[in-house]
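Peer 1: Please read through the structure below; I'll follow up with questions.
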Amino acid sequence: MTVLWAVHELDKKWRLLQKHKTALLAYHNKRFEEESRRVYEENRLGLNQQLFKLIVKALENAESEREVDDVDSKFNLHFPPGEAGLDEGQYKRPKRRLHYSICSKAGLWEVASKFGYSSEQFGLQISLQEMRVDEPEDSKETPEDMASNFTCALFQDPQDVLKGARHMAAVEICYEPVVRKHFRSIYFDNAEVSTCPTTDGNTIIDSFHEFAGVKWLRNKPLLKFDDAQWLLIQKAVDEKLLQVTIKLPEEVLNKLISDSHEKYLSYGVSKFAQLWNEQRKLILQDAIFNHILPSLEKEARSLLATKAKNWLLLEYGRLLWDKVSVAPYQQKENDLSSDDEAAPRVMACCWGHGKPSTTFVMLDSYGEIVDVLEAGSINLRSQNANDQQRKKNDQQNLLKFMTEHQPQVVLLGAVNLSCTRLKDDIYEIVFKMVEENPRDVGHEMDGLSVVYGDESLPRLYENSRISSDQIAGQPGIVKRAVALGWYLQNPLAMVATLCGPGREILSWKLSPLERYLAADEKYDMIEQIMVDVTNQVGLDLNLAANHEWLFAPLQFISGLGPRKASSLQKSLVRAGAIFSRKDLLTTHGLGRKIFFNAAGFLRVRRSGLAASGSQFFDLLDETRIHPENYALAQEIAKDIYREDVGDDNLDDDDALEMAVEHLRDRPNVLKSFNVDAYAQDKDGLSKRETLYTVKLELIQGFQDWRRQYEEPSQDEEFFMISGETEDTLAEGRTVQATVRRVEAQRAICALESGLTGMLTREDYSDDWRDSDLTEKLQEGDILMCKIKSILKNRYQVFLTCRENDTRSNRHQIVRNPDPYYHEDRSSLQSEQEKARKEEELAKKHFKPRMIVHPRFQNITSDEAIEACV
């Protein structure tokens, strides 16, 4: 599916590119006509016409948005937007005049044409599109003598004329699309990125900082940026913590200059030829270093940002896919007497500290609320007699609750350390229930699992508008528990529920870097993932018609969308049940095109209210086989049935249905069916892929291809309960700990996350041999410590306060270091010295002036003169 989305995106970009080219061509023709009416010199007009033909041809041949922009930039350079059409006396917006335009209007374009090859000719030669045949004709006079004929008020001496003409030639080379394409290819293939911290950045960015991995990069090629690393660099630069340089390696740059000289300079050996070659070298120097390379660096930064964002979007989609493409929870040993597709009966529990209190919600196999129990005293740890009695009462109530409803799995929202004790209490009640009342509980209760669940998504549902519509009148903690259970029973439907008009799903934090993505960018990726998973899984219409929350993925069925899905949902709910896919066309008002797009993903089977009826159901409606291929499926079923049973009387519909049912009940017959041989016998090689699909669906319709649910690992449980991540809690990180109990040999502390911190006497100070912690610490003291080690299975961390440990990096571990990471202190020292000198110089020249104006800058006269040049 990823390939199809990529093709879809490329198609959209191509159509936009064609529209852009068409619009630009029309605009260029209009502007050229306006410009031609203002030019009276035939020589200049002829050159303009020749130039415009080249621009039109380049625009037609442009194959990317960047190439189109290059052509447009060249056009605007030679035909800048004028002021034609303005009435006399009308106010004009002041515009910035380029130095190129000033030189051109002063007639220096004639001098620029004397330098030899035009920018077009240079571009064709350096890109090897045209071999060098005609040598540039060197003038028989010196550049200064020729320039003396073009002096004017703006350019009063030959050197000024030559400087202006060189500028024109350099700018034309820079704006030439073929030249830019050639230089761009070399630049993007070879340019390297280096980073180093600023003075502030060196202090702020430690080994656990977000920018630690990009603090010191040396000569990392642009092509090696294949993740979101550039977004971090960009943010660090914006915060003035990092400095970034992008440049070509010295050998590549030297070769580029050498090749440019070879293609642009004259091979003449005369005195005049050498003088003109010096001018040409200055032109190339200006073009390459002052125009082309700076603009390509800007492009490279933009390209890296776009590339990093695209990678981050795909990573965001992958993380969402991992959350959504999970099959419903299945017991280790299914009850063979029950529906093999039915979700488990779930008892969902959300911990509460009192207001609201800990709540248990019982959900049936379809996600409907069966019962609710509040047990506010079940997690009490007090030894008070009244508290113990209240806790015992809650335990008895929970025992009765579970005995009555027989849950198949208990799901506990993991939010803090109290949940670990609550899990032990629940297991204790389960064991007691099985031991004391073995006759009252089913065999399923013997292996009843208590699993942790992540409450991040249920909390979004709790505060969403749709929760008030679906579970009206219930407190927030009940809504949260219901969502917790729904995610276990049907992850796809639960996530789709938050993809409504409120787009609450955007608040689900999947990646620490997702803040670099815009909301619309994230939602486009969410839609792609939801469409992929929904159409892979399909939707049981009869089941959803009786349980509203299961309708949530309907909007992602191919051909529908929110509006059509809402209309179809209302129609199905009114009808109560659907008995054939054809009813979608006749009874429920789907258009023919929409039906053909959606039918293969909408499942019609004997479920919901239809389960108790006696209506006929077409077995093919329970498969992914599209209605237009029903005849093909029936023909396969008939041929295999005839060969297996020997009955040729298969002409009526009932006989065909019997043949299909025969194959569904005997999948082994189908497994030995040779699709390739059958396709060859029936001259149906063009439908071979369809035949494979038909075979798989006849074996098992709508087989679930999602990965099986797996209970959280120990690491996942630890991070859910602590609320920490691998980035926020790691060995070597500094944390704040509050002392809870002090003994002579150790102090027991509490971290902000609720984890227990152990501080031994040896780790308290460097001179620990003579210290007794009871003399050094008191309950309630707050310490800044470093983490020595983490025991995830016991939810404990070992701490150190020793000065040697807090100063050193011994416990710091750099995870996944970049191969181009290389610390260079010498460059940092030079930068610090430079910053110090600039600060001293600024203080020396600074004169306070009480001027309040948004444009005012308090600078020296030299700086003002430099800014005006």
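Note on naming: chains are A, B, ... as they come in the structure tokens, residues start from 1 per chain, ligands start from 1 in the order shown.
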Do a neighbour search on Trp109 in chain A at 8 Å with only C-alpha atoms, toss out local chain neighbours closer than 6 positions, and write the hits as a short mmCIF file (atom, residue, chain, number, x, y, z; two decimals) with N, CA and C atoms, in the first residue's frame.
Peer 2:
data_model
loop_
_atom_site.label_atom_id
_atom_site.label_comp_id
_atom_site.auth_asym_id
_atom_site.auth_seq_id
_atom_site.Cartn_x
_atom_site.Cartn_y
_atom_site.Cartn_z
N CYS A 103 22.69 48.13 -14.06
CA CYS A 103 23.78 47.98 -15.04
C CYS A 103 23.23 47.79 -16.45
N ALA A 165 29.83 45.26 -15.56
CA ALA A 165 29.67 44.26 -16.62
C ALA A 165 29.98 42.86 -16.10
N MET A 168 27.05 41.64 -14.19
CA MET A 168 25.98 41.16 -15.07
C MET A 168 26.29 39.75 -15.58
#
Peer 1: Find the residues around Ser365 in chain A up to 10 Å (only C-alpha atoms counted), leave out those fewer than 4 positions away in its own chain, and share them as a ChimeraX atom specification.
Peer 2: /A:341-346,369,407-408,486,489
Peer 1: If we count only C-alpha atoms and set the cut-off at 9 Å, which residues sit around range 250-253 of chain A, ignoring sequence neighbours fewer than 3 positions away in its own chain? Please answer as a list of chain:residue names.
Peer 2: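 With the cut-off at 9 Å, the set is A:Ile186, A:Tyr187, A:Asn190, A:Ala191, A:Lys247, A:Leu256, A:Ile257, A:Ser258.
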Peer 1: Tell me, as a ChimeraX atom specification, which residues lie within 8 Å of range 739-754 of chain A, counting only C-alpha atoms; anything in the same chain fewer than 2 positions away does not count.
Peer 2: /A:416-417,722-724,735-737,756-761,772-774,777-783
Peer 1: Enumerate as a list of chain:residue names all residues of range 539-702 of chain A assigned to strand (DSSP E) by DSSP on the backbone, naming them with the chain letters and numbers the document uses.
Peer 2: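 Those residues are A:Leu539, A:Asp540, A:Leu602, A:Arg603.
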Peer 1: Determine the nearest neighbour of Ala544 in chain A from the options A:Tyr267, A:Phe188, A:Tyr366, A:Tyr523, counting only C-alpha atoms.
Peer 2: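 Going through A:Tyr267, A:Phe188, A:Tyr366, A:Tyr523 one by one, the smallest distance to Ala544 in chain A is for A:Tyr366.
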Peer 1: For range 532-538 of chain A, find every residue with an atom within 9 Å (counting only C-alpha atoms), except residues of its own chain fewer than 2 positions away, and show them as a PDB file with all heavy atoms, in the first residue's frame.
Peer 2:
ATOM      1  N   MET A   1       0.825  -1.209   0.000  1.00  0.00           N
ATOM      2  CA  MET A   1       0.000   0.000   0.000  1.00  0.00           C
ATOM      3  C   MET A   1       0.860   1.260   0.000  1.00  0.00           C
ATOM      4  O   MET A   1       0.471   2.290  -0.540  1.00  0.00           O
ATOM      5  CB  MET A   1      -0.927  -0.009   1.231  1.00  0.00           C
ATOM      6  CG  MET A   1      -1.965  -1.107   1.210  1.00  0.00           C
ATOM      7  SD  MET A   1      -3.128  -0.969  -0.164  1.00  0.00           S
ATOM      8  CE  MET A   1      -4.121   0.413   0.364  1.00  0.00           C
ATOM      9  N   THR A   2       2.051   1.183   0.612  1.00  0.00           N
ATOM     10  CA  THR A   2       2.931   2.347   0.640  1.00  0.00           C
ATOM     11  C   THR A   2       3.296   2.781  -0.768  1.00  0.00           C
ATOM     12  O   THR A   2       3.368   3.981  -1.074  1.00  0.00           O
ATOM     13  CB  THR A   2       4.209   2.016   1.430  1.00  0.00           C
ATOM     14  OG1 THR A   2       3.843   1.550   2.734  1.00  0.00           O
ATOM     15  CG2 THR A   2       5.083   3.243   1.574  1.00  0.00           C
ATOM     16  N   TRP A 321       0.808   2.745  12.611  1.00  0.00           N
ATOM     17  CA  TRP A 321       0.500   1.412  12.066  1.00  0.00           C
ATOM     18  C   TRP A 321       0.702   0.347  13.152  1.00  0.00           C
ATOM     19  O   TRP A 321      -0.116  -0.562  13.300  1.00  0.00           O
ATOM     20  CB  TRP A 321       1.385   1.142  10.856  1.00  0.00           C
ATOM     21  CG  TRP A 321       1.260  -0.254  10.308  1.00  0.00           C
ATOM     22  CD1 TRP A 321       1.925  -1.368  10.719  1.00  0.00           C
ATOM     23  CD2 TRP A 321       0.385  -0.687   9.255  1.00  0.00           C
ATOM     24  NE1 TRP A 321       1.543  -2.461   9.988  1.00  0.00           N
ATOM     25  CE2 TRP A 321       0.599  -2.081   9.082  1.00  0.00           C
ATOM     26  CE3 TRP A 321      -0.534  -0.034   8.438  1.00  0.00           C
ATOM     27  CZ2 TRP A 321      -0.096  -2.809   8.125  1.00  0.00           C
ATOM     28  CZ3 TRP A 321      -1.222  -0.779   7.478  1.00  0.00           C
ATOM     29  CH2 TRP A 321      -0.996  -2.153   7.330  1.00  0.00           C
ATOM     30  N   VAL A 324      -2.289   0.445  15.441  1.00  0.00           N
ATOM     31  CA  VAL A 324      -3.610   0.171  14.882  1.00  0.00           C
ATOM     32  C   VAL A 324      -3.717  -1.234  14.311  1.00  0.00           C
ATOM     33  O   VAL A 324      -4.761  -1.881  14.425  1.00  0.00           O
ATOM     34  CB  VAL A 324      -3.947   1.221  13.789  1.00  0.00           C
ATOM     35  CG1 VAL A 324      -5.274   0.902  13.133  1.00  0.00           C
ATOM     36  CG2 VAL A 324      -3.987   2.610  14.396  1.00  0.00           C
ATOM     37  N   SER A 325      -2.642  -1.715  13.691  1.00  0.00           N
ATOM     38  CA  SER A 325      -2.711  -3.015  13.010  1.00  0.00           C
ATOM     39  C   SER A 325      -2.435  -4.159  13.976  1.00  0.00           C
ATOM     40  O   SER A 325      -1.612  -5.031  13.715  1.00  0.00           O
ATOM     41  CB  SER A 325      -1.719  -3.051  11.843  1.00  0.00           C
ATOM     42  OG  SER A 325      -0.393  -2.892  12.321  1.00  0.00           O
ATOM     43  N   LEU A 492      -8.530  -0.968  16.017  1.00  0.00           N
ATOM     44  CA  LEU A 492      -8.842  -0.157  14.848  1.00  0.00           C
ATOM     45  C   LEU A 492     -10.067   0.723  15.098  1.00  0.00           C
ATOM     46  O   LEU A 492     -10.049   1.934  14.826  1.00  0.00           O
ATOM     47  CB  LEU A 492      -9.089  -1.061  13.638  1.00  0.00           C
ATOM     48  CG  LEU A 492      -9.580  -0.385  12.366  1.00  0.00           C
ATOM     49  CD1 LEU A 492      -8.548   0.610  11.857  1.00  0.00           C
ATOM     50  CD2 LEU A 492      -9.904  -1.418  11.296  1.00  0.00           C
ATOM     51  N   ALA A 493     -11.131   0.144  15.638  1.00  0.00           N
ATOM     52  CA  ALA A 493     -12.357   0.911  15.879  1.00  0.00           C
ATOM     53  C   ALA A 493     -12.143   1.980  16.941  1.00  0.00           C
ATOM     54  O   ALA A 493     -12.675   3.089  16.834  1.00  0.00           O
ATOM     55  CB  ALA A 493     -13.484  -0.036  16.294  1.00  0.00           C
ATOM     56  N   GLU A 527      -4.882   9.430   7.989  1.00  0.00           N
ATOM     57  CA  GLU A 527      -5.891   8.937   7.049  1.00  0.00           C
ATOM     58  C   GLU A 527      -5.328   7.816   6.179  1.00  0.00           C
ATOM     59  O   GLU A 527      -6.010   6.820   5.935  1.00  0.00           O
ATOM     60  CB  GLU A 527      -6.385  10.089   6.168  1.00  0.00           C
ATOM     61  CG  GLU A 527      -7.374  11.013   6.867  1.00  0.00           C
ATOM     62  CD  GLU A 527      -7.992  12.009   5.904  1.00  0.00           C
ATOM     63  OE1 GLU A 527      -7.284  12.469   4.995  1.00  0.00           O
ATOM     64  OE2 GLU A 527      -9.179  12.323   6.071  1.00  0.00           O
ATOM     65  N   GLN A 528      -4.094   7.974   5.716  1.00  0.00           N
ATOM     66  CA  GLN A 528      -3.483   6.923   4.900  1.00  0.00           C
ATOM     67  C   GLN A 528      -3.400   5.608   5.662  1.00  0.00           C
ATOM     68  O   GLN A 528      -3.779   4.546   5.140  1.00  0.00           O
ATOM     69  CB  GLN A 528      -2.081   7.344   4.461  1.00  0.00           C
ATOM     70  CG  GLN A 528      -2.041   8.436   3.417  1.00  0.00           C
ATOM     71  CD  GLN A 528      -0.625   8.712   2.943  1.00  0.00           C
ATOM     72  OE1 GLN A 528       0.260   7.866   3.055  1.00  0.00           O
ATOM     73  NE2 GLN A 528      -0.392   9.898   2.406  1.00  0.00           N
ATOM     74  N   ILE A 529      -2.919   5.672   6.897  1.00  0.00           N
ATOM     75  CA  ILE A 529      -2.773   4.443   7.696  1.00  0.00           C
ATOM     76  C   ILE A 529      -4.131   3.834   7.999  1.00  0.00           C
ATOM     77  O   ILE A 529      -4.320   2.608   7.889  1.00  0.00           O
ATOM     78  CB  ILE A 529      -2.016   4.755   9.006  1.00  0.00           C
ATOM     79  CG1 ILE A 529      -0.602   5.276   8.703  1.00  0.00           C
ATOM     80  CG2 ILE A 529      -1.957   3.520   9.892  1.00  0.00           C
ATOM     81  CD1 ILE A 529       0.261   4.332   7.908  1.00  0.00           C
ATOM     82  N   MET A 530      -5.094   4.673   8.354  1.00  0.00           N
ATOM     83  CA  MET A 530      -6.427   4.154   8.691  1.00  0.00           C
ATOM     84  C   MET A 530      -7.105   3.542   7.469  1.00  0.00           C
ATOM     85  O   MET A 530      -7.800   2.520   7.578  1.00  0.00           O
ATOM     86  CB  MET A 530      -7.285   5.279   9.278  1.00  0.00           C
ATOM     87  CG  MET A 530      -6.780   5.824  10.606  1.00  0.00           C
ATOM     88  SD  MET A 530      -6.658   4.562  11.896  1.00  0.00           S
ATOM     89  CE  MET A 530      -8.388   4.177  12.152  1.00  0.00           C
ATOM     90  N   ASP A 540     -17.629  -5.489   9.411  1.00  0.00           N
ATOM     91  CA  ASP A 540     -18.826  -6.318   9.552  1.00  0.00           C
ATOM     92  C   ASP A 540     -20.026  -5.386   9.735  1.00  0.00           C
ATOM     93  O   ASP A 540     -20.222  -4.811  10.802  1.00  0.00           O
ATOM     94  CB  ASP A 540     -18.662  -7.248  10.752  1.00  0.00           C
ATOM     95  CG  ASP A 540     -19.782  -8.272  10.857  1.00  0.00           C
ATOM     96  OD1 ASP A 540     -20.887  -7.997  10.346  1.00  0.00           O
ATOM     97  OD2 ASP A 540     -19.562  -9.328  11.464  1.00  0.00           O
ATOM     98  N   PRO A 553     -14.676   2.935  11.833  1.00  0.00           N
ATOM     99  CA  PRO A 553     -13.778   2.818  10.667  1.00  0.00           C
ATOM    100  C   PRO A 553     -14.482   2.949   9.319  1.00  0.00           C
ATOM    101  O   PRO A 553     -13.802   2.984   8.288  1.00  0.00           O
ATOM    102  CB  PRO A 553     -13.189   1.400  10.819  1.00  0.00           C
ATOM    103  CG  PRO A 553     -13.486   0.976  12.218  1.00  0.00           C
ATOM    104  CD  PRO A 553     -14.745   1.666  12.573  1.00  0.00           C
ATOM    105  N   LEU A 554     -15.809   3.034   9.288  1.00  0.00           N
ATOM    106  CA  LEU A 554     -16.532   3.044   8.017  1.00  0.00           C
ATOM    107  C   LEU A 554     -16.087   4.183   7.107  1.00  0.00           C
ATOM    108  O   LEU A 554     -16.050   4.039   5.885  1.00  0.00           O
ATOM    109  CB  LEU A 554     -18.042   3.127   8.283  1.00  0.00           C
ATOM    110  CG  LEU A 554     -18.957   3.036   7.052  1.00  0.00           C
ATOM    111  CD1 LEU A 554     -18.786   1.696   6.364  1.00  0.00           C
ATOM    112  CD2 LEU A 554     -20.422   3.252   7.450  1.00  0.00           C
ATOM    113  N   PHE A 556     -13.301   5.219   6.504  1.00  0.00           N
ATOM    114  CA  PHE A 556     -12.031   4.934   5.833  1.00  0.00           C
ATOM    115  C   PHE A 556     -12.136   3.821   4.794  1.00  0.00           C
ATOM    116  O   PHE A 556     -11.133   3.437   4.197  1.00  0.00           O
ATOM    117  CB  PHE A 556     -10.968   4.573   6.870  1.00  0.00           C
ATOM    118  CG  PHE A 556     -10.691   5.681   7.848  1.00  0.00           C
ATOM    119  CD1 PHE A 556     -11.064   5.569   9.179  1.00  0.00           C
ATOM    120  CD2 PHE A 556     -10.095   6.864   7.431  1.00  0.00           C
ATOM    121  CE1 PHE A 556     -10.826   6.584  10.081  1.00  0.00           C
ATOM    122  CE2 PHE A 556      -9.863   7.891   8.328  1.00  0.00           C
ATOM    123  CZ  PHE A 556     -10.222   7.758   9.650  1.00  0.00           C
ATOM    124  N   ILE A 557     -13.353   3.295   4.588  1.00  0.00           N
ATOM    125  CA  ILE A 557     -13.552   2.307   3.522  1.00  0.00           C
ATOM    126  C   ILE A 557     -13.401   3.004   2.178  1.00  0.00           C
ATOM    127  O   ILE A 557     -13.909   4.102   1.967  1.00  0.00           O
ATOM    128  CB  ILE A 557     -14.950   1.660   3.649  1.00  0.00           C
ATOM    129  CG1 ILE A 557     -15.028   0.786   4.910  1.00  0.00           C
ATOM    130  CG2 ILE A 557     -15.292   0.846   2.411  1.00  0.00           C
ATOM    131  CD1 ILE A 557     -14.201  -0.473   4.870  1.00  0.00           C
ATOM    132  N   SER A 558     -12.713   2.365   1.245  1.00  0.00           N
ATOM    133  CA  SER A 558     -12.469   2.955  -0.069  1.00  0.00           C
ATOM    134  C   SER A 558     -13.772   3.374  -0.732  1.00  0.00           C
ATOM    135  O   SER A 558     -14.740   2.604  -0.760  1.00  0.00           O
ATOM    136  CB  SER A 558     -11.747   1.960  -0.970  1.00  0.00           C
ATOM    137  OG  SER A 558     -10.455   1.704  -0.490  1.00  0.00           O
ATOM    138  N   ALA A 598     -16.271   0.163  -2.847  1.00  0.00           N
ATOM    139  CA  ALA A 598     -16.344  -0.200  -1.428  1.00  0.00           C
ATOM    140  C   ALA A 598     -16.761  -1.634  -1.159  1.00  0.00           C
ATOM    141  O   ALA A 598     -16.454  -2.182  -0.094  1.00  0.00           O
ATOM    142  CB  ALA A 598     -17.325   0.746  -0.715  1.00  0.00           C
ATOM    143  N   GLY A 600     -15.983  -4.722  -1.858  1.00  0.00           N
ATOM    144  CA  GLY A 600     -15.070  -5.794  -1.461  1.00  0.00           C
ATOM    145  C   GLY A 600     -14.580  -5.691  -0.035  1.00  0.00           C
ATOM    146  O   GLY A 600     -14.014  -6.654   0.504  1.00  0.00           O
ATOM    147  N   PHE A 601     -14.789  -4.539   0.620  1.00  0.00           N
ATOM    148  CA  PHE A 601     -14.302  -4.343   1.983  1.00  0.00           C
ATOM    149  C   PHE A 601     -15.441  -4.304   3.013  1.00  0.00           C
ATOM    150  O   PHE A 601     -15.183  -4.167   4.198  1.00  0.00           O
ATOM    151  CB  PHE A 601     -13.505  -3.028   2.059  1.00  0.00           C
ATOM    152  CG  PHE A 601     -12.478  -2.897   0.973  1.00  0.00           C
ATOM    153  CD1 PHE A 601     -12.644  -1.982  -0.058  1.00  0.00           C
ATOM    154  CD2 PHE A 601     -11.358  -3.715   0.960  1.00  0.00           C
ATOM    155  CE1 PHE A 601     -11.709  -1.867  -1.072  1.00  0.00           C
ATOM    156  CE2 PHE A 601     -10.415  -3.603  -0.051  1.00  0.00           C
ATOM    157  CZ  PHE A 601     -10.596  -2.684  -1.069  1.00  0.00           C
ATOM    158  N   LEU A 602     -16.674  -4.417   2.540  1.00  0.00           N
ATOM    159  CA  LEU A 602     -17.843  -4.417   3.432  1.00  0.00           C
ATOM    160  C   LEU A 602     -18.348  -5.846   3.559  1.00  0.00           C
ATOM    161  O   LEU A 602     -18.755  -6.474   2.570  1.00  0.00           O
ATOM    162  CB  LEU A 602     -18.941  -3.496   2.874  1.00  0.00           C
ATOM    163  CG  LEU A 602     -18.550  -2.009   2.784  1.00  0.00           C
ATOM    164  CD1 LEU A 602     -19.636  -1.215   2.086  1.00  0.00           C
ATOM    165  CD2 LEU A 602     -18.269  -1.443   4.156  1.00  0.00           C
ATOM    166  N   ARG A 603     -18.349  -6.334   4.764  1.00  0.00           N
ATOM    167  CA  ARG A 603     -18.645  -7.746   5.021  1.00  0.00           C
ATOM    168  C   ARG A 603     -20.101  -7.904   5.459  1.00  0.00           C
ATOM    169  O   ARG A 603     -20.565  -7.216   6.378  1.00  0.00           O
ATOM    170  CB  ARG A 603     -17.707  -8.255   6.105  1.00  0.00           C
ATOM    171  CG  ARG A 603     -17.731  -9.743   6.315  1.00  0.00           C
ATOM    172  CD  ARG A 603     -16.731 -10.124   7.386  1.00  0.00           C
ATOM    173  NE  ARG A 603     -16.593 -11.558   7.526  1.00  0.00           N
ATOM    174  CZ  ARG A 603     -15.887 -12.162   8.463  1.00  0.00           C
ATOM    175  NH1 ARG A 603     -15.223 -11.428   9.348  1.00  0.00           N
ATOM    176  NH2 ARG A 603     -15.812 -13.479   8.531  1.00  0.00           N
ATOM    177  N   ARG A 624     -13.582 -11.279   0.866  1.00  0.00           N
ATOM    178  CA  ARG A 624     -13.071 -10.082   0.183  1.00  0.00           C
ATOM    179  C   ARG A 624     -13.268 -10.158  -1.330  1.00  0.00           C
ATOM    180  O   ARG A 624     -12.860  -9.247  -2.047  1.00  0.00           O
ATOM    181  CB  ARG A 624     -11.574  -9.913   0.481  1.00  0.00           C
ATOM    182  CG  ARG A 624     -11.239  -9.603   1.930  1.00  0.00           C
ATOM    183  CD  ARG A 624      -9.739  -9.345   2.088  1.00  0.00           C
ATOM    184  NE  ARG A 624      -9.369  -9.017   3.456  1.00  0.00           N
ATOM    185  CZ  ARG A 624      -8.994  -9.899   4.375  1.00  0.00           C
ATOM    186  NH1 ARG A 624      -8.960 -11.188   4.057  1.00  0.00           N
ATOM    187  NH2 ARG A 624      -8.674  -9.510   5.594  1.00  0.00           N
ATOM    188  N   PHE A 702     -12.059 -13.126   4.809  1.00  0.00           N
ATOM    189  CA  PHE A 702     -11.609 -12.043   5.682  1.00  0.00           C
ATOM    190  C   PHE A 702     -10.675 -12.545   6.785  1.00  0.00           C
ATOM    191  O   PHE A 702     -10.833 -12.206   7.957  1.00  0.00           O
ATOM    192  CB  PHE A 702     -12.795 -11.290   6.294  1.00  0.00           C
ATOM    193  CG  PHE A 702     -13.349 -10.234   5.395  1.00  0.00           C
ATOM    194  CD1 PHE A 702     -14.486 -10.479   4.632  1.00  0.00           C
ATOM    195  CD2 PHE A 702     -12.737  -9.003   5.296  1.00  0.00           C
ATOM    196  CE1 PHE A 702     -14.994  -9.506   3.790  1.00  0.00           C
ATOM    197  CE2 PHE A 702     -13.240  -8.021   4.450  1.00  0.00           C
ATOM    198  CZ  PHE A 702     -14.373  -8.261   3.690  1.00  0.00           C
ATOM    199  N   GLN A 703      -9.715 -13.365   6.375  1.00  0.00           N
ATOM    200  CA  GLN A 703      -8.706 -13.799   7.338  1.00  0.00           C
ATOM    201  C   GLN A 703      -7.962 -12.574   7.875  1.00  0.00           C
ATOM    202  O   GLN A 703      -7.590 -11.683   7.119  1.00  0.00           O
ATOM    203  CB  GLN A 703      -7.721 -14.755   6.668  1.00  0.00           C
ATOM    204  CG  GLN A 703      -6.659 -15.290   7.619  1.00  0.00           C
ATOM    205  CD  GLN A 703      -5.727 -16.274   6.945  1.00  0.00           C
ATOM    206  OE1 GLN A 703      -5.840 -16.501   5.747  1.00  0.00           O
ATOM    207  NE2 GLN A 703      -4.810 -16.852   7.697  1.00  0.00           N
ATOM    208  N   ASP A 704      -7.781 -12.533   9.183  1.00  0.00           N
ATOM    209  CA  ASP A 704      -7.152 -11.365   9.812  1.00  0.00           C
ATOM    210  C   ASP A 704      -5.646 -11.424   9.609  1.00  0.00           C
ATOM    211  O   ASP A 704      -4.975 -12.335  10.079  1.00  0.00           O
ATOM    212  CB  ASP A 704      -7.485 -11.357  11.314  1.00  0.00           C
ATOM    213  CG  ASP A 704      -7.277  -9.980  11.929  1.00  0.00           C
ATOM    214  OD1 ASP A 704      -6.531  -9.175  11.331  1.00  0.00           O
ATOM    215  OD2 ASP A 704      -7.857  -9.701  12.988  1.00  0.00           O
ATOM    216  N   TRP A 705      -5.114 -10.422   8.895  1.00  0.00           N
ATOM    217  CA  TRP A 705      -3.685 -10.386   8.596  1.00  0.00           C
ATOM    218  C   TRP A 705      -2.915  -9.539   9.616  1.00  0.00           C
ATOM    219  O   TRP A 705      -1.701  -9.374   9.485  1.00  0.00           O
ATOM    220  CB  TRP A 705      -3.455  -9.822   7.196  1.00  0.00           C
ATOM    221  CG  TRP A 705      -4.017 -10.696   6.118  1.00  0.00           C
ATOM    222  CD1 TRP A 705      -4.160 -12.038   6.159  1.00  0.00           C
ATOM    223  CD2 TRP A 705      -4.513 -10.269   4.845  1.00  0.00           C
ATOM    224  NE1 TRP A 705      -4.715 -12.500   4.996  1.00  0.00           N
ATOM    225  CE2 TRP A 705      -4.940 -11.442   4.156  1.00  0.00           C
ATOM    226  CE3 TRP A 705      -4.637  -9.039   4.203  1.00  0.00           C
ATOM    227  CZ2 TRP A 705      -5.485 -11.395   2.877  1.00  0.00           C
ATOM    228  CZ3 TRP A 705      -5.165  -9.007   2.924  1.00  0.00           C
ATOM    229  CH2 TRP A 705      -5.589 -10.160   2.273  1.00  0.00           C
ATOM    230  N   ARG A 706      -3.612  -9.002  10.602  1.00  0.00           N
ATOM    231  CA  ARG A 706      -2.917  -8.170  11.587  1.00  0.00           C
ATOM    232  C   ARG A 706      -2.077  -9.042  12.518  1.00  0.00           C
ATOM    233  O   ARG A 706      -2.362 -10.228  12.702  1.00  0.00           O
ATOM    234  CB  ARG A 706      -3.932  -7.371  12.413  1.00  0.00           C
ATOM    235  CG  ARG A 706      -4.683  -6.320  11.613  1.00  0.00           C
ATOM    236  CD  ARG A 706      -5.793  -5.672  12.427  1.00  0.00           C
ATOM    237  NE  ARG A 706      -6.881  -6.599  12.709  1.00  0.00           N
ATOM    238  CZ  ARG A 706      -7.978  -6.273  13.382  1.00  0.00           C
ATOM    239  NH1 ARG A 706      -8.124  -5.044  13.850  1.00  0.00           N
ATOM    240  NH2 ARG A 706      -8.922  -7.167  13.580  1.00  0.00           N
TER     241      ARG A 706
END
Peer 1: Counting only C-alpha atoms, which of A:Leu77, A:Leu162, A:Ile233, A:Val478 gets nearest to Leu217 in chain A?
Peer 2: A:Ile233
